[in-house]
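Structure file start.csv; described as CSV, N, CA and C atoms.
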chain,number,residue,atom,x,y,z
F,1,SER,N,7.8,13.3,-17.1
F,1,SER,CA,7.1,12.3,-16.3
F,1,SER,C,6.3,13.0,-15.2
F,2,TYR,N,5.4,12.3,-14.6
F,2,TYR,CA,4.5,12.8,-13.6
F,2,TYR,C,5.1,12.5,-12.2
F,3,SER,N,4.7,13.3,-11.2
F,3,SER,CA,5.2,13.1,-9.8
F,3,SER,C,3.9,13.0,-8.9
F,4,PHE,N,3.9,12.1,-8.0
F,4,PHE,CA,2.8,11.9,-7.1
F,4,PHE,C,3.3,11.5,-5.8
F,5,ARG,N,2.8,12.1,-4.7
F,5,ARG,CA,3.1,11.8,-3.3
F,5,ARG,C,1.9,11.5,-2.6
F,6,LEU,N,1.8,10.3,-1.9
F,6,LEU,CA,0.7,9.9,-1.0
F,6,LEU,C,1.3,9.8,0.4
F,7,SER,N,0.7,10.5,1.3
F,7,SER,CA,1.0,10.3,2.7
F,7,SER,C,-0.2,9.9,3.5
F,8,VAL,N,-0.1,8.8,4.2
F,8,VAL,CA,-1.2,8.3,5.1
F,8,VAL,C,-0.6,8.4,6.5
F,9,VAL,N,-1.3,9.3,7.3
F,9,VAL,CA,-0.8,9.6,8.7
F,9,VAL,C,-1.9,9.5,9.7
F,10,ASN,N,-1.5,8.8,10.8
F,10,ASN,CA,-2.5,8.7,12.0
F,10,ASN,C,-3.8,8.2,11.6
F,11,CYS,N,-3.8,7.0,10.9
F,11,CYS,CA,-5.1,6.4,10.5
F,11,CYS,C,-5.1,4.9,11.0
F,12,VAL,N,-6.4,4.4,11.0
F,12,VAL,CA,-6.6,3.0,11.4
F,12,VAL,C,-7.5,2.4,10.3
F,13,PHE,N,-7.0,1.3,9.8
F,13,PHE,CA,-7.7,0.5,8.8
F,13,PHE,C,-8.1,-0.8,9.5
F,14,VAL,N,-9.3,-1.1,9.7
F,14,VAL,CA,-9.7,-2.3,10.4
F,14,VAL,C,-10.8,-3.0,9.7
F,15,GLY,N,-10.6,-4.3,9.4
F,15,GLY,CA,-11.7,-5.2,8.9
F,15,GLY,C,-12.1,-4.9,7.4
F,16,ASN,N,-11.2,-4.3,6.6
F,16,ASN,CA,-11.6,-4.0,5.2
F,16,ASN,C,-11.3,-5.3,4.4
F,17,ASN,N,-12.0,-5.4,3.3
F,17,ASN,CA,-11.9,-6.6,2.4
F,17,ASN,C,-11.9,-6.1,1.0
F,18,ALA,N,-11.0,-6.6,0.2
F,18,ALA,CA,-11.0,-6.3,-1.2
F,18,ALA,C,-11.0,-7.6,-2.0
F,19,VAL,N,-11.4,-7.5,-3.3
F,19,VAL,CA,-11.5,-8.7,-4.1
F,19,VAL,C,-10.2,-9.1,-4.7
F,20,GLU,N,-9.4,-8.2,-5.2
F,20,GLU,CA,-8.2,-8.5,-6.0
F,20,GLU,C,-6.9,-8.1,-5.2
F,21,SER,N,-6.7,-6.9,-4.9
F,21,SER,CA,-5.5,-6.4,-4.3
F,21,SER,C,-5.7,-5.3,-3.3
F,22,GLY,N,-4.9,-5.3,-2.2
F,22,GLY,CA,-4.9,-4.2,-1.2
F,22,GLY,C,-6.1,-4.2,-0.4
F,23,GLY,N,-6.1,-5.1,0.7
F,23,GLY,CA,-7.2,-5.2,1.6
F,23,GLY,C,-7.6,-3.9,2.2
F,24,ALA,N,-6.6,-3.0,2.6
F,24,ALA,CA,-6.9,-1.7,3.2
F,24,ALA,C,-6.5,-0.6,2.2
F,25,LEU,N,-5.3,-0.7,1.6
F,25,LEU,CA,-4.7,0.4,0.8
F,25,LEU,C,-4.1,-0.2,-0.5
F,26,HIS,N,-4.5,0.3,-1.6
F,26,HIS,CA,-4.0,-0.2,-2.9
F,26,HIS,C,-3.5,1.0,-3.7
F,27,VAL,N,-2.2,1.1,-4.1
F,27,VAL,CA,-1.7,2.2,-4.9
F,27,VAL,C,-1.2,1.5,-6.2
F,28,PHE,N,-1.7,1.9,-7.3
F,28,PHE,CA,-1.3,1.4,-8.6
F,28,PHE,C,-0.9,2.5,-9.5
F,29,GLY,N,0.4,2.6,-9.7
F,29,GLY,CA,0.9,3.7,-10.6
F,29,GLY,C,0.8,3.3,-12.1
F,30,ALA,N,0.9,4.2,-12.9
F,30,ALA,CA,1.0,3.9,-14.4
F,30,ALA,C,2.4,3.9,-14.8
F,31,GLU,N,2.7,3.2,-15.9
F,31,GLU,CA,4.1,3.0,-16.4
F,31,GLU,C,4.8,4.4,-16.5
F,32,GLN,N,4.1,5.4,-17.0
F,32,GLN,CA,4.8,6.7,-17.2
F,32,GLN,C,5.1,7.4,-15.8
F,33,THR,N,4.5,7.0,-14.7
F,33,THR,CA,4.8,7.6,-13.4
F,33,THR,C,5.7,6.7,-12.5
F,34,LEU,N,6.2,5.6,-13.1
F,34,LEU,CA,7.0,4.7,-12.3
F,34,LEU,C,8.1,5.3,-11.5
F,35,ASN,N,8.8,6.3,-11.9
F,35,ASN,CA,9.8,7.0,-11.2
F,35,ASN,C,9.3,8.1,-10.3
F,36,GLY,N,8.0,8.4,-10.3
F,36,GLY,CA,7.5,9.6,-9.6
F,36,GLY,C,6.5,9.3,-8.5
F,37,ILE,N,6.3,8.1,-8.1
F,37,ILE,CA,5.3,7.8,-7.0
F,37,ILE,C,6.1,7.6,-5.7
F,38,VAL,N,5.7,8.4,-4.7
F,38,VAL,CA,6.3,8.2,-3.4
F,38,VAL,C,5.2,8.0,-2.4
F,39,VAL,N,5.2,6.9,-1.6
F,39,VAL,CA,4.2,6.5,-0.7
F,39,VAL,C,4.8,6.5,0.7
F,40,ASN,N,4.3,7.3,1.6
F,40,ASN,CA,4.7,7.4,3.0
F,40,ASN,C,3.6,7.0,4.0
F,41,VAL,N,3.8,6.1,4.9
F,41,VAL,CA,2.8,5.6,5.8
F,41,VAL,C,3.4,5.8,7.2
F,42,HIS,N,2.8,6.7,8.0
F,42,HIS,CA,3.3,7.0,9.4
F,42,HIS,C,2.2,6.9,10.4
F,43,ARG,N,2.5,6.1,11.5
F,43,ARG,CA,1.6,5.9,12.6
F,43,ARG,C,0.2,5.5,12.1
F,44,VAL,N,0.3,4.4,11.4
F,44,VAL,CA,-1.0,3.8,10.8
F,44,VAL,C,-1.1,2.3,11.3
F,45,SER,N,-2.3,2.0,11.7
F,45,SER,CA,-2.6,0.6,12.1
F,45,SER,C,-3.4,-0.1,11.0
F,46,PHE,N,-2.9,-1.3,10.6
F,46,PHE,CA,-3.6,-2.2,9.6
F,46,PHE,C,-4.0,-3.4,10.4
F,47,ILE,N,-5.3,-3.6,10.7
F,47,ILE,CA,-5.8,-4.7,11.5
F,47,ILE,C,-6.9,-5.5,10.8
F,48,ASN,N,-6.6,-6.8,10.7
F,48,ASN,CA,-7.6,-7.7,10.2
F,48,ASN,C,-8.2,-7.3,8.8
F,49,ASN,N,-7.4,-6.9,7.9
F,49,ASN,CA,-7.8,-6.6,6.6
F,49,ASN,C,-7.6,-7.8,5.7
F,50,THR,N,-8.4,-8.1,4.7
F,50,THR,CA,-8.2,-9.3,3.9
F,50,THR,C,-8.4,-9.1,2.4
F,51,VAL,N,-7.8,-9.9,1.6
F,51,VAL,CA,-7.9,-9.9,0.2
F,51,VAL,C,-7.6,-11.2,-0.4
F,52,SER,N,-8.2,-11.6,-1.5
F,52,SER,CA,-7.9,-13.0,-2.0
F,52,SER,C,-6.6,-13.1,-2.6
F,53,ASN,N,-6.0,-12.0,-3.2
F,53,ASN,CA,-4.8,-12.1,-3.9
F,53,ASN,C,-3.6,-11.4,-3.2
F,54,TYR,N,-3.4,-10.1,-3.4
F,54,TYR,CA,-2.1,-9.5,-3.1
F,54,TYR,C,-2.3,-8.4,-2.0
F,55,GLY,N,-1.5,-8.4,-1.0
F,55,GLY,CA,-1.4,-7.3,0.0
F,55,GLY,C,-2.6,-7.2,0.9
F,56,GLY,N,-2.7,-8.0,2.0
F,56,GLY,CA,-3.8,-7.9,2.9
F,56,GLY,C,-3.9,-6.5,3.6
F,57,GLY,N,-2.7,-5.9,3.9
F,57,GLY,CA,-2.7,-4.5,4.4
F,57,GLY,C,-2.6,-3.5,3.3
F,58,ILE,N,-1.5,-3.6,2.6
F,58,ILE,CA,-1.1,-2.7,1.5
F,58,ILE,C,-0.7,-3.4,0.3
F,59,CYS,N,-1.1,-3.0,-0.9
F,59,CYS,CA,-0.6,-3.5,-2.2
F,59,CYS,C,-0.1,-2.3,-3.0
F,60,LEU,N,1.2,-2.3,-3.3
F,60,LEU,CA,1.8,-1.2,-4.1
F,60,LEU,C,2.3,-1.8,-5.5
F,61,ILE,N,1.9,-1.2,-6.5
F,61,ILE,CA,2.3,-1.6,-7.9
F,61,ILE,C,2.9,-0.4,-8.6
F,62,GLN,N,4.0,-0.5,-9.2
F,62,GLN,CA,4.7,0.5,-10.0
F,62,GLN,C,4.8,1.8,-9.2
F,63,PHE,N,5.8,1.9,-8.3
F,63,PHE,CA,6.1,3.0,-7.4
F,63,PHE,C,7.6,3.2,-7.4
F,64,SER,N,8.0,4.4,-6.9
F,64,SER,CA,9.5,4.6,-6.8
F,64,SER,C,10.0,4.5,-5.4
F,65,LYS,N,9.3,5.0,-4.4
F,65,LYS,CA,9.7,5.0,-3.0
F,65,LYS,C,8.6,4.7,-2.1
F,66,PHE,N,8.9,3.9,-1.0
F,66,PHE,CA,7.9,3.5,-0.1
F,66,PHE,C,8.5,3.4,1.3
F,67,ALA,N,7.8,4.1,2.3
F,67,ALA,CA,8.3,4.1,3.7
F,67,ALA,C,7.2,3.8,4.6
F,68,VAL,N,7.4,2.9,5.6
F,68,VAL,CA,6.4,2.7,6.7
F,68,VAL,C,7.2,3.0,8.0
F,69,VAL,N,6.6,3.9,8.8
F,69,VAL,CA,7.3,4.3,10.0
F,69,VAL,C,6.3,4.3,11.2
F,70,ASN,N,6.7,3.6,12.3
F,70,ASN,CA,5.8,3.6,13.5
F,70,ASN,C,4.4,3.1,13.2
F,71,SER,N,4.3,2.1,12.4
F,71,SER,CA,3.0,1.5,12.0
F,71,SER,C,2.9,0.1,12.4
F,72,ILE,N,1.7,-0.5,12.5
F,72,ILE,CA,1.5,-1.9,12.9
F,72,ILE,C,0.7,-2.6,11.9
F,73,PHE,N,1.0,-3.9,11.7
F,73,PHE,CA,0.2,-4.8,10.9
F,73,PHE,C,-0.2,-6.0,11.7
F,74,VAL,N,-1.5,-6.2,12.0
F,74,VAL,CA,-1.9,-7.4,12.8
F,74,VAL,C,-3.1,-8.1,12.1
F,75,GLY,N,-2.9,-9.4,11.9
F,75,GLY,CA,-4.0,-10.2,11.4
F,75,GLY,C,-4.5,-10.0,10.0
F,76,ASN,N,-3.7,-9.3,9.2
F,76,ASN,CA,-4.0,-9.1,7.8
F,76,ASN,C,-3.8,-10.4,7.0
F,77,LYS,N,-4.6,-10.7,6.0
F,77,LYS,CA,-4.5,-12.0,5.3
F,77,LYS,C,-4.6,-11.7,3.8
F,78,ALA,N,-3.8,-12.5,3.0
F,78,ALA,CA,-3.8,-12.4,1.6
F,78,ALA,C,-3.2,-13.7,1.0
F,79,GLY,N,-3.5,-13.9,-0.3
F,79,GLY,CA,-2.9,-15.0,-1.0
F,79,GLY,C,-1.3,-14.8,-1.0
F,80,CYS,N,-0.9,-13.6,-1.2
F,80,CYS,CA,0.5,-13.2,-1.3
F,80,CYS,C,0.7,-11.9,-0.5
F,81,GLY,N,1.6,-11.9,0.5
F,81,GLY,CA,1.9,-10.6,1.2
F,81,GLY,C,0.8,-10.3,2.2
F,82,GLY,N,0.7,-11.0,3.3
F,82,GLY,CA,-0.3,-10.7,4.3
F,82,GLY,C,-0.3,-9.3,4.8
F,83,ALA,N,0.9,-8.7,5.0
F,83,ALA,CA,0.9,-7.3,5.5
F,83,ALA,C,1.1,-6.4,4.3
F,84,VAL,N,2.1,-6.6,3.5
F,84,VAL,CA,2.5,-5.7,2.3
F,84,VAL,C,2.9,-6.6,1.1
F,85,ASP,N,2.4,-6.2,0.0
F,85,ASP,CA,2.8,-6.8,-1.3
F,85,ASP,C,3.3,-5.6,-2.2
F,86,ALA,N,4.5,-5.6,-2.5
F,86,ALA,CA,5.0,-4.5,-3.3
F,86,ALA,C,5.7,-5.0,-4.6
F,87,ARG,N,5.4,-4.5,-5.7
F,87,ARG,CA,6.0,-5.0,-7.0
F,87,ARG,C,6.2,-3.9,-8.0
F,88,TYR,N,7.3,-4.1,-8.8
F,88,TYR,CA,7.7,-3.2,-9.8
F,88,TYR,C,8.1,-1.8,-9.3
F,89,GLY,N,8.7,-1.8,-8.1
F,89,GLY,CA,9.1,-0.5,-7.5
F,89,GLY,C,10.6,-0.4,-7.5

Just dump the structure as structure tokens.
Amino acid sequence: SYSFRLSVVNCVFVGNNAVESGGALHVFGAEQTLNGIVVNVHRVSFINNTVSNYGGGICLIQFSKFAVVNSIFVGNKAGCGGAVDARYG
């Protein structure tokens, strides 16, 4: 199986808009990587991001580990999961 690590550190996401998923950040793993995707978010601000469906701030699909540390979510909007939508993890 594959292994993948994404670290987002000291960032600001403001006023982003997506059509389907993840107003600011969207991570979509493949079935074969389901047990190998690790997402770490540290000292990140998600402010006023929008999406029509899933995850106004963050949308995660098919991942193995996810951590958010010292981060803020303010005013994000979505049909499901205004701040975070995580599924199949």

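Here atom C of Lys77 of chain F stands at a distance of 21.4 Å from atom CA of Phe63 of chain F.
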
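Each of F:Asn70, F:Ser45, F:Thr50, F:Asn76 was compared to Cys11 of chain F using all atoms listed in the file, and F:Ser45 turns out to be the nearest.
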
Self-check item: Neighbours of point (-10.5, -9.3, 0.7) within 8 Å, using only C-alpha atoms, written as a list in words
Solution: Asn16, Asn17, Ala18, Val19, Glu20, Ser21, Gly22, Gly23, Asn49, Thr50, Val51, Ser52, Asn53, Gly56 and Ala78 of chain F

Would you pick out the contacts of Phe66 of chain F at 7 Å or less, using only N, CA and C atoms, so that residues sharing its chain but fewer than 4 positions from it are not included, and give the list as a compact mmCIF listing (two decimals) with N, CA and C atoms, keeping the file's coordinate frame?
# COMPACT_ATOMS: atom_id res chain seq x y z
N ILE F 37 6.30 8.10 -8.10
CA ILE F 37 5.30 7.80 -7.00
C ILE F 37 6.10 7.60 -5.70
N VAL F 38 5.70 8.40 -4.70
CA VAL F 38 6.30 8.20 -3.40
C VAL F 38 5.20 8.00 -2.40
N VAL F 39 5.20 6.90 -1.60
CA VAL F 39 4.20 6.50 -0.70
C VAL F 39 4.80 6.50 0.70
N ASN F 40 4.30 7.30 1.60
CA ASN F 40 4.70 7.40 3.00
C ASN F 40 3.60 7.00 4.00
N VAL F 41 3.80 6.10 4.90
CA VAL F 41 2.80 5.60 5.80
C VAL F 41 3.40 5.80 7.20

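Remark: for Val68 of chain F, the closest of the candidate residues F:Arg43, F:Gly82, F:Asn48, F:His26 is F:Arg43 (distances computed over only N, CA and C atoms).
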
Exercise. Between F:Gly29, F:Gly81, F:Gly15, F:Gly75, single out the one closest to Gly55 of chain F, counting only C-alpha atoms.
Key: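 Nearest candidate to Gly55 of chain F out of F:Gly29, F:Gly81, F:Gly15, F:Gly75: F:Gly81.
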
Quiz item: Of the candidates F:Ser7, F:Val14, F:Gln62, F:Val27, which one gets nearest to Ile47 of chain F if we count only C-alpha atoms?
Solution: F:Val14

Practice problem: Would you please work out which residue, of F:Val12, F:Ala24, F:Ile58, F:Ala67, is nearest to Val44 of chain F when using all atoms listed in the file? | Solution: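 Residue with the minimum atom-to-atom distance to Val44 of chain F: F:Val12.
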
Quiz item: By how many Å are atom CA of Phe13 of chain F and atom CA of Phe73 of chain F apart?
Solution: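 Interatomic distance, atom CA of Phe13 of chain F to atom CA of Phe73 of chain F: 9.7 Å.
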
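A straight line drawn from atom N of Val84 of chain F to atom C of Arg5 of chain F is 19.1 Å long.
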
Practice problem: Would you mind writing down, as a PyMOL selection string, each residue of chain F that DSSP on the backbone assigns to strand (DSSP E or B)? | Solution: chain F and resi 4-9+12-14+17-18+21+25-28+37-42+45-47+50-51+54+58-61+65-69+72-74+77+80+84-87

Quiz item: When distances are computed from only N, CA and C atoms, which of F:Val9, F:Leu60, F:Lys65, F:Tyr54 shows the smallest separation from Gly36 of chain F?
Solution: F:Lys65

Completion of segment 52-76 of chain F up to N, CA, C and O atoms, as an mmCIF file, keeping the file's coordinate frame:
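Contents of result15.cif, freshly written:
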data_model
loop_
_atom_site.group_PDB
_atom_site.id
_atom_site.type_symbol
_atom_site.label_atom_id
_atom_site.label_comp_id
_atom_site.auth_asym_id
_atom_site.auth_seq_id
_atom_site.Cartn_x
_atom_site.Cartn_y
_atom_site.Cartn_z
ATOM 1 N N SER F 52 -8.200 -11.600 -1.500
ATOM 2 C CA SER F 52 -7.900 -13.000 -2.000
ATOM 3 C C SER F 52 -6.600 -13.100 -2.600
ATOM 4 O O SER F 52 -5.969 -14.156 -2.623
ATOM 5 N N ASN F 53 -6.000 -12.000 -3.200
ATOM 6 C CA ASN F 53 -4.800 -12.100 -3.900
ATOM 7 C C ASN F 53 -3.600 -11.400 -3.200
ATOM 8 O O ASN F 53 -2.857 -12.042 -2.463
ATOM 9 N N TYR F 54 -3.400 -10.100 -3.400
ATOM 10 C CA TYR F 54 -2.100 -9.500 -3.100
ATOM 11 C C TYR F 54 -2.300 -8.400 -2.000
ATOM 12 O O TYR F 54 -3.112 -7.463 -2.215
ATOM 13 N N GLY F 55 -1.500 -8.400 -1.000
ATOM 14 C CA GLY F 55 -1.400 -7.300 0.000
ATOM 15 C C GLY F 55 -2.600 -7.200 0.900
ATOM 16 O O GLY F 55 -3.486 -6.353 0.683
ATOM 17 N N GLY F 56 -2.700 -8.000 2.000
ATOM 18 C CA GLY F 56 -3.800 -7.900 2.900
ATOM 19 C C GLY F 56 -3.900 -6.500 3.600
ATOM 20 O O GLY F 56 -4.966 -5.972 3.707
ATOM 21 N N GLY F 57 -2.700 -5.900 3.900
ATOM 22 C CA GLY F 57 -2.700 -4.500 4.400
ATOM 23 C C GLY F 57 -2.600 -3.500 3.300
ATOM 24 O O GLY F 57 -3.380 -2.608 3.152
ATOM 25 N N ILE F 58 -1.500 -3.600 2.600
ATOM 26 C CA ILE F 58 -1.100 -2.700 1.500
ATOM 27 C C ILE F 58 -0.700 -3.400 0.300
ATOM 28 O O ILE F 58 0.128 -4.370 0.364
ATOM 29 N N CYS F 59 -1.100 -3.000 -0.900
ATOM 30 C CA CYS F 59 -0.600 -3.500 -2.200
ATOM 31 C C CYS F 59 -0.100 -2.300 -3.000
ATOM 32 O O CYS F 59 -0.823 -1.289 -3.139
ATOM 33 N N LEU F 60 1.200 -2.300 -3.300
ATOM 34 C CA LEU F 60 1.800 -1.200 -4.100
ATOM 35 C C LEU F 60 2.300 -1.800 -5.500
ATOM 36 O O LEU F 60 3.002 -2.799 -5.473
ATOM 37 N N ILE F 61 1.900 -1.200 -6.500
ATOM 38 C CA ILE F 61 2.300 -1.600 -7.900
ATOM 39 C C ILE F 61 2.900 -0.400 -8.600
ATOM 40 O O ILE F 61 2.172 0.629 -8.698
ATOM 41 N N GLN F 62 4.000 -0.500 -9.200
ATOM 42 C CA GLN F 62 4.700 0.500 -10.000
ATOM 43 C C GLN F 62 4.800 1.800 -9.200
ATOM 44 O O GLN F 62 4.108 2.815 -9.347
ATOM 45 N N PHE F 63 5.800 1.900 -8.300
ATOM 46 C CA PHE F 63 6.100 3.000 -7.400
ATOM 47 C C PHE F 63 7.600 3.200 -7.400
ATOM 48 O O PHE F 63 8.348 2.370 -7.800
ATOM 49 N N SER F 64 8.000 4.400 -6.900
ATOM 50 C CA SER F 64 9.500 4.600 -6.800
ATOM 51 C C SER F 64 10.000 4.500 -5.400
ATOM 52 O O SER F 64 11.115 4.046 -5.203
ATOM 53 N N LYS F 65 9.300 5.000 -4.400
ATOM 54 C CA LYS F 65 9.700 5.000 -3.000
ATOM 55 C C LYS F 65 8.600 4.700 -2.100
ATOM 56 O O LYS F 65 7.451 5.131 -2.312
ATOM 57 N N PHE F 66 8.900 3.900 -1.000
ATOM 58 C CA PHE F 66 7.900 3.500 -0.100
ATOM 59 C C PHE F 66 8.500 3.400 1.300
ATOM 60 O O PHE F 66 9.516 2.849 1.486
ATOM 61 N N ALA F 67 7.800 4.100 2.300
ATOM 62 C CA ALA F 67 8.300 4.100 3.700
ATOM 63 C C ALA F 67 7.200 3.800 4.600
ATOM 64 O O ALA F 67 6.094 4.436 4.480
ATOM 65 N N VAL F 68 7.400 2.900 5.600
ATOM 66 C CA VAL F 68 6.400 2.700 6.700
ATOM 67 C C VAL F 68 7.200 3.000 8.000
ATOM 68 O O VAL F 68 8.222 2.412 8.240
ATOM 69 N N VAL F 69 6.600 3.900 8.800
ATOM 70 C CA VAL F 69 7.300 4.300 10.000
ATOM 71 C C VAL F 69 6.300 4.300 11.200
ATOM 72 O O VAL F 69 5.137 4.763 11.037
ATOM 73 N N ASN F 70 6.700 3.600 12.300
ATOM 74 C CA ASN F 70 5.800 3.600 13.500
ATOM 75 C C ASN F 70 4.400 3.100 13.200
ATOM 76 O O ASN F 70 3.438 3.703 13.672
ATOM 77 N N SER F 71 4.300 2.100 12.400
ATOM 78 C CA SER F 71 3.000 1.500 12.000
ATOM 79 C C SER F 71 2.900 0.100 12.400
ATOM 80 O O SER F 71 3.941 -0.587 12.615
ATOM 81 N N ILE F 72 1.700 -0.500 12.500
ATOM 82 C CA ILE F 72 1.500 -1.900 12.900
ATOM 83 C C ILE F 72 0.700 -2.600 11.900
ATOM 84 O O ILE F 72 -0.252 -2.031 11.306
ATOM 85 N N PHE F 73 1.000 -3.900 11.700
ATOM 86 C CA PHE F 73 0.200 -4.800 10.900
ATOM 87 C C PHE F 73 -0.200 -6.000 11.700
ATOM 88 O O PHE F 73 0.731 -6.741 12.187
ATOM 89 N N VAL F 74 -1.500 -6.200 12.000
ATOM 90 C CA VAL F 74 -1.900 -7.400 12.800
ATOM 91 C C VAL F 74 -3.100 -8.100 12.100
ATOM 92 O O VAL F 74 -4.057 -7.469 11.772
ATOM 93 N N GLY F 75 -2.900 -9.400 11.900
ATOM 94 C CA GLY F 75 -4.000 -10.200 11.400
ATOM 95 C C GLY F 75 -4.500 -10.000 10.000
ATOM 96 O O GLY F 75 -5.563 -10.395 9.675
ATOM 97 N N ASN F 76 -3.700 -9.300 9.200
ATOM 98 C CA ASN F 76 -4.000 -9.100 7.800
ATOM 99 C C ASN F 76 -3.800 -10.400 7.000
ATOM 100 O O ASN F 76 -2.815 -11.130 7.283
#
